[in-house]
Structures are given as structure tokens and as C-alpha cells.
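S.K.: The structure follows.
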Amino acid sequence: MLVLMPWAAIVALWYAIHYSGLVNPALVPAPHAVAERFVELAGQRLPRDVWMSTQRVFLGVALGIAAAVPAGFVLGWYREVRQFIDPLINFFRALPPIALIPLMIVYFGIEETAKVVILFYAAFFSGVIVMYEGIAQISPIYVRVARTLGARDLEIFSRVIVPLTVPHMLTALRVALGVAWATLVASELIAAREGLGSLIQNAANFFLLDIIYVGIICIGFIALAMDVALRLVARRLVAWQDRIA
């Protein structure tokens with residue numbers, strides 16, 4: 001019940017704003033109107049839009065994290081490399097993906113590749129920061145103890161370093177997923193005919209606010225479901241790690 005209370009409070013506040021008279025009701029469609037539109041779209045284009053957006057995010061994040069993990073490991077483990085590359089990483093991390101859309105169109109066209117590259121960009125730079133900051137904070141005492149016990153370099157890497165980096169990998173994946181979903185609408189500005197971002201943009205062109213709400217809520221709940229699934233996986237993989245809660 002406690003889990004449902006914040007959602008119930010949001011719906012109640014939503015209804016209160018709609019019927020308060022402080023805002024034009026046409027600008028804030030009621031929750032039941034949005035729910036009706038959701039049911040209507042669920043029998044039409046919505047499943048395809050959800051599938052296309054999820055597919056793009058999954059591919060962009062998978063490629064981004066596949067590149068971010070080794071890059072983050074190198075930057076976190078070798079201080080000299082980190083000091084050299086860190087300004088460059090932070091420079092590109094600060095660039096909003098939407099600003100790169102014209103270049104993506106020039107270099108990759110308007111098909112799926114450009115959309116995935118935008119999501120890859122967002123996932124990589126958010127993930128690599130989490131990775132190398134986490135790895136840089138690993139205490140060297142673990143390595144020293146392993147060497148004292150006679151462990152060789154390969155054993156140290158596989159039995160000490162890798163287990164210690166797993167929590168950071170999972171955190172990087174969670175952060176990258178969140179950033180990728182936040183970037184989805186920008187990526188689907190590139191001539192997307194299907195996808196939740198496309199749904200929202202098309203609805204905005206015709207001032208269909210209830211459809212915009214449907215798209216936004218779908219993005220939020222899919223991202224939430226993925227995050228919950230990752231947290232459950234993380235809880236199993238890092239059960240050995242002491243946690244406050």
C-alpha cells in the first residue's frame with residue numbers, strides 16, 4: 001500500500017489542478033481522459049511505438065555501456081590517462097545530444113543508425129563517468145593484500161578487481177538507461193515515423209495533449225520497469241556487499 005500512495009497522491013493532485021479553475025482544463029486533461037486515450041492507442045499504434053523506442057534505447061545503451069566499461073576501467077585505473085582524458089570526457093558529456101542532431105543527419109542520414117548513435121552518445125558519456133569515478137575510488141589495499149597472499153596479476157584481476165567493479169558497472173548501466181530514455185525524444189526528432197518520441201511530437205503538432213501525456217507516461221513507466229529489474233539483478237550480483245538499506 002505504501003508503494004501506491006505516492007502515485008495516488010499524484011493522481012489526486014492532477015485531478016485537483018484539472019478541476020481547480022486555476023488552469024484552463026483543456027491544457028491539463030483529466031487522468032481518466034488520458035487513460036481512455038491510452039486504451040484507444042493500445043489497440044492501434046502504441047505497441048509498435050513502445051517496441052521501436054525500447055529497441056532503440058536497448059541497442060544504444062548496450063553499445064554505449066560496452067564501450068564505457070573498458071574505457072572507464074582504463075581511466076579509473078591509470079591516473080595519468082585520467083588526468084589527460086578527463087577534460088575531453090567532460091567537454092563532450094556537457095554537450096546536449098539534441099545539439100548534435102544536424103551533424104548526425106549529415107553523417108548518418110535519417111534512418112535508424114542516426115537515432116542509435118544519439119542514444120549511444122548519451123549512454124557512453126554518462127556511463128563512463130560513473131565507471132571511472134567508481135574504479136578510481138577502489139582502495140589499493142585489496143590489491144596489496146592479494147599480492148601478500150601470493151596472488152598473481154591474472155588472479156588479482158579476476159578475483160579482486162572484477163568483483164569490485166561489478167557494482168559500478170550496474171550503476172553505470174542504470175544511469176545510462178535513465179539518460180537514454182531522457183534523450184529518446186531528441187533522437188526521434190530525426191525523421192522517426194514510429195516510436196514514443198514520434199508519437200509525442202506528432203501529437204504536439206496538433207495540440208493533442210492527452211496523447212502527449214500518454215507518451216510521457218509510457219516513457220516513465222518503461223524506464224521505471226527497467227530500473228527496477230536492474231536493481232533486482234544488482235541485489236543478487238552484489239549480495240556480498242554491505243549496504244545501509
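If you're wondering about the labels, chains in the C-alpha cells are A, B, ... by order shown, residues count from 1 in each chain, ligands from 1 in order shown.
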So which residues touch Ala192 (chain A) within 12 Å, counting only C-alpha atoms, skipping near sequence neighbours fewer than 6 positions away, as a ChimeraX atom specification?
M.R.: /A:49,52-53,56,109-116,184-186,198-202
S.K.: Val81 (chain A): which residues within 12 Å, counting only C-alpha atoms, same-chain residues fewer than 6 positions away excluded, as a list in words?
M.R.: Ala71, Gly72, Phe73, Val74, Leu75, Pro87, Leu88, Ile89, Tyr132 and Ala136 of chain A
S.K.: Hey, what's within 12 Å of Gly215 (chain A) if we count only C-alpha atoms and toss same-chain stuff fewer than 6 positions away? As an mmCIF file with C-alpha atoms, in the first residue's frame, please?
M.R.:
```cif
data_model
loop_
_atom_site.group_PDB
_atom_site.id
_atom_site.type_symbol
_atom_site.label_atom_id
_atom_site.label_comp_id
_atom_site.auth_asym_id
_atom_site.auth_seq_id
_atom_site.Cartn_x
_atom_site.Cartn_y
_atom_site.Cartn_z
ATOM 1 C CA VAL A 34 -5.647 10.161 -20.632
ATOM 2 C CA ALA A 35 -6.460 6.576 -19.572
ATOM 3 C CA ARG A 37 -6.775 7.653 -24.877
ATOM 4 C CA PHE A 38 -4.215 5.076 -23.719
ATOM 5 C CA LEU A 41 -3.947 3.867 -28.728
ATOM 6 C CA ALA A 42 -3.136 0.459 -27.236
ATOM 7 C CA ARG A 45 -0.076 2.218 -32.896
ATOM 8 C CA LEU A 46 1.077 2.314 -29.246
ATOM 9 C CA PRO A 47 2.510 -1.254 -29.003
ATOM 10 C CA ASP A 49 5.776 2.739 -30.786
ATOM 11 C CA VAL A 50 6.772 1.174 -27.457
ATOM 12 C CA SER A 53 11.584 3.078 -28.749
ATOM 13 C CA TRP A 181 15.258 7.364 -22.086
ATOM 14 C CA LEU A 184 14.809 9.352 -26.634
ATOM 15 C CA VAL A 185 12.540 12.182 -27.793
ATOM 16 C CA GLU A 194 7.395 5.249 -35.152
ATOM 17 C CA GLY A 195 8.363 5.473 -31.502
ATOM 18 C CA LEU A 196 7.131 7.225 -28.370
ATOM 19 C CA GLY A 197 9.117 10.353 -29.208
ATOM 20 C CA SER A 198 7.481 10.438 -32.623
ATOM 21 C CA LEU A 199 4.079 9.934 -31.001
ATOM 22 C CA ILE A 200 4.675 12.912 -28.698
ATOM 23 C CA GLN A 201 5.968 15.153 -31.477
ATOM 24 C CA ASN A 202 3.084 14.362 -33.825
ATOM 25 C CA ALA A 203 0.582 14.985 -31.023
ATOM 26 C CA ALA A 204 2.252 18.322 -30.223
ATOM 27 C CA LEU A 208 -3.368 16.652 -28.681
ATOM 28 C CA LEU A 209 -2.324 16.970 -25.063
ATOM 29 C CA PHE A 221 6.903 3.591 -16.680
ATOM 30 C CA ILE A 222 9.082 1.646 -19.128
#
```
S.K.: For region 59-62 of chain A, list every protein, DNA or RNA residue within 10 Å, evaluated using only C-alpha atoms, and leave out those in the same chain fewer than 2 positions away; present the list as a PyMOL selection string.
M.R.: chain A and resi 53-57+64-68+113+115-124+127+173-181
S.K.: Write the selection just made, keeping C-alpha atoms, as a PDB file, in the first residue's frame?
M.R.:
```
ATOM      1  CA  SER A  53      11.584   3.078 -28.749  1.00  0.00           C
ATOM      2  CA  THR A  54      12.576   0.240 -26.420  1.00  0.00           C
ATOM      3  CA  GLN A  55      14.580  -1.371 -29.193  1.00  0.00           C
ATOM      4  CA  ARG A  56      16.452   1.871 -29.940  1.00  0.00           C
ATOM      5  CA  VAL A  57      17.195   2.533 -26.271  1.00  0.00           C
ATOM      6  CA  GLY A  64      27.331   2.621 -25.066  1.00  0.00           C
ATOM      7  CA  ILE A  65      27.982   0.527 -21.960  1.00  0.00           C
ATOM      8  CA  ALA A  66      30.053  -1.990 -23.943  1.00  0.00           C
ATOM      9  CA  ALA A  67      32.370   0.909 -24.794  1.00  0.00           C
ATOM     10  CA  ALA A  68      32.052   2.731 -21.452  1.00  0.00           C
ATOM     11  CA  THR A 113      21.660   4.474 -37.360  1.00  0.00           C
ATOM     12  CA  LYS A 115      18.926   7.593 -33.740  1.00  0.00           C
ATOM     13  CA  VAL A 116      21.016   4.811 -32.197  1.00  0.00           C
ATOM     14  CA  VAL A 117      24.190   6.924 -32.415  1.00  0.00           C
ATOM     15  CA  ILE A 118      22.484   9.717 -30.452  1.00  0.00           C
ATOM     16  CA  LEU A 119      21.462   7.220 -27.748  1.00  0.00           C
ATOM     17  CA  PHE A 120      24.930   5.633 -27.803  1.00  0.00           C
ATOM     18  CA  TYR A 121      26.461   9.078 -27.258  1.00  0.00           C
ATOM     19  CA  ALA A 122      24.204   9.789 -24.278  1.00  0.00           C
ATOM     20  CA  ALA A 123      24.743   6.340 -22.721  1.00  0.00           C
ATOM     21  CA  PHE A 124      28.511   6.244 -23.243  1.00  0.00           C
ATOM     22  CA  GLY A 127      28.264   5.523 -18.144  1.00  0.00           C
ATOM     23  CA  LEU A 173      24.076   0.786 -16.713  1.00  0.00           C
ATOM     24  CA  ARG A 174      21.250   2.235 -14.611  1.00  0.00           C
ATOM     25  CA  VAL A 175      22.452   5.801 -15.161  1.00  0.00           C
ATOM     26  CA  ALA A 176      22.937   5.202 -18.890  1.00  0.00           C
ATOM     27  CA  LEU A 177      19.423   3.766 -19.215  1.00  0.00           C
ATOM     28  CA  GLY A 178      17.919   6.776 -17.483  1.00  0.00           C
ATOM     29  CA  VAL A 179      19.849   9.222 -19.659  1.00  0.00           C
ATOM     30  CA  ALA A 180      18.993   7.275 -22.829  1.00  0.00           C
ATOM     31  CA  TRP A 181      15.258   7.364 -22.086  1.00  0.00           C
TER      32      TRP A 181
END
```
S.K.: Can you check which residues of region 106-181 of chain A DSSP gives as alpha helix (DSSP H) on the backbone and send them as a PyMOL selection string?
M.R.: chain A and resi 106-108+112-136+141-148+153-156+162-181
S.K.: What's around Val160 (chain A) at 9 Å? Count only C-alpha atoms, leave out sequence neighbours fewer than 5 positions away in its own chain, and write the answer as a list in words.
M.R.: Tyr142, Val143, Ala146, Glu155 and Thr165 of chain A
S.K.: Could you turn the residues from that selection into a file that holds C-alpha atoms, as a short mmCIF file (atom, residue, chain, number, x, y, z; two decimals), in the first residue's frame?
M.R.:
```cif
data_model
loop_
_atom_site.label_atom_id
_atom_site.label_comp_id
_atom_site.auth_asym_id
_atom_site.auth_seq_id
_atom_site.Cartn_x
_atom_site.Cartn_y
_atom_site.Cartn_z
CA TYR A 142 42.75 -5.05 -1.71
CA VAL A 143 45.45 -5.48 -4.33
CA ALA A 146 46.07 -10.24 -2.60
CA GLU A 155 44.10 -13.82 -10.23
CA THR A 165 33.84 -3.22 -10.34
#
```
S.K.: Just give me the gap between CA of Ala182 (chain A) and CA of Leu224 (chain A) in Å, one decimal is fine.
M.R.: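 Going from CA of Ala182 (chain A) over to CA of Leu224 (chain A), I get 12.0 Å.
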S.K.: For Pro102 (chain A), which of A:Ile190, A:Val166, A:Val28, A:Val23 is the closest residue, counting only C-alpha atoms?
M.R.: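 Closest candidate: A:Ile190.
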S.K.: Excluding same-chain residues fewer than 5 positions from Ala30 (chain A), what lies within 8 Å of it counting only C-alpha atoms, as JSON, numbers by chain?
M.R.: {"A": [14, 15, 18, 25]}
S.K.: For a test of reading the model, state the distance in Å between CA of Gly43 (chain A) and CA of Phe206 (chain A), rounded to one decimal.
M.R.: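 Those two atoms sit 20.7 Å apart.
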S.K.: Given the choices A:Pro6, A:Gly150, A:Pro163, A:Gly76, which gets closest to Gln137 (chain A) if the distance is worked out from only C-alpha atoms?
M.R.: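 Result for the nearest residue to Gln137 (chain A): A:Gly76.
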S.K.: I'd like to know which of A:Phe91, A:Ile10, A:Ile135, A:Val106 is closest to Pro31 (chain A), using only C-alpha atoms.
M.R.: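 Going through A:Phe91, A:Ile10, A:Ile135, A:Val106 one by one, the smallest distance to Pro31 (chain A) is for A:Ile10.
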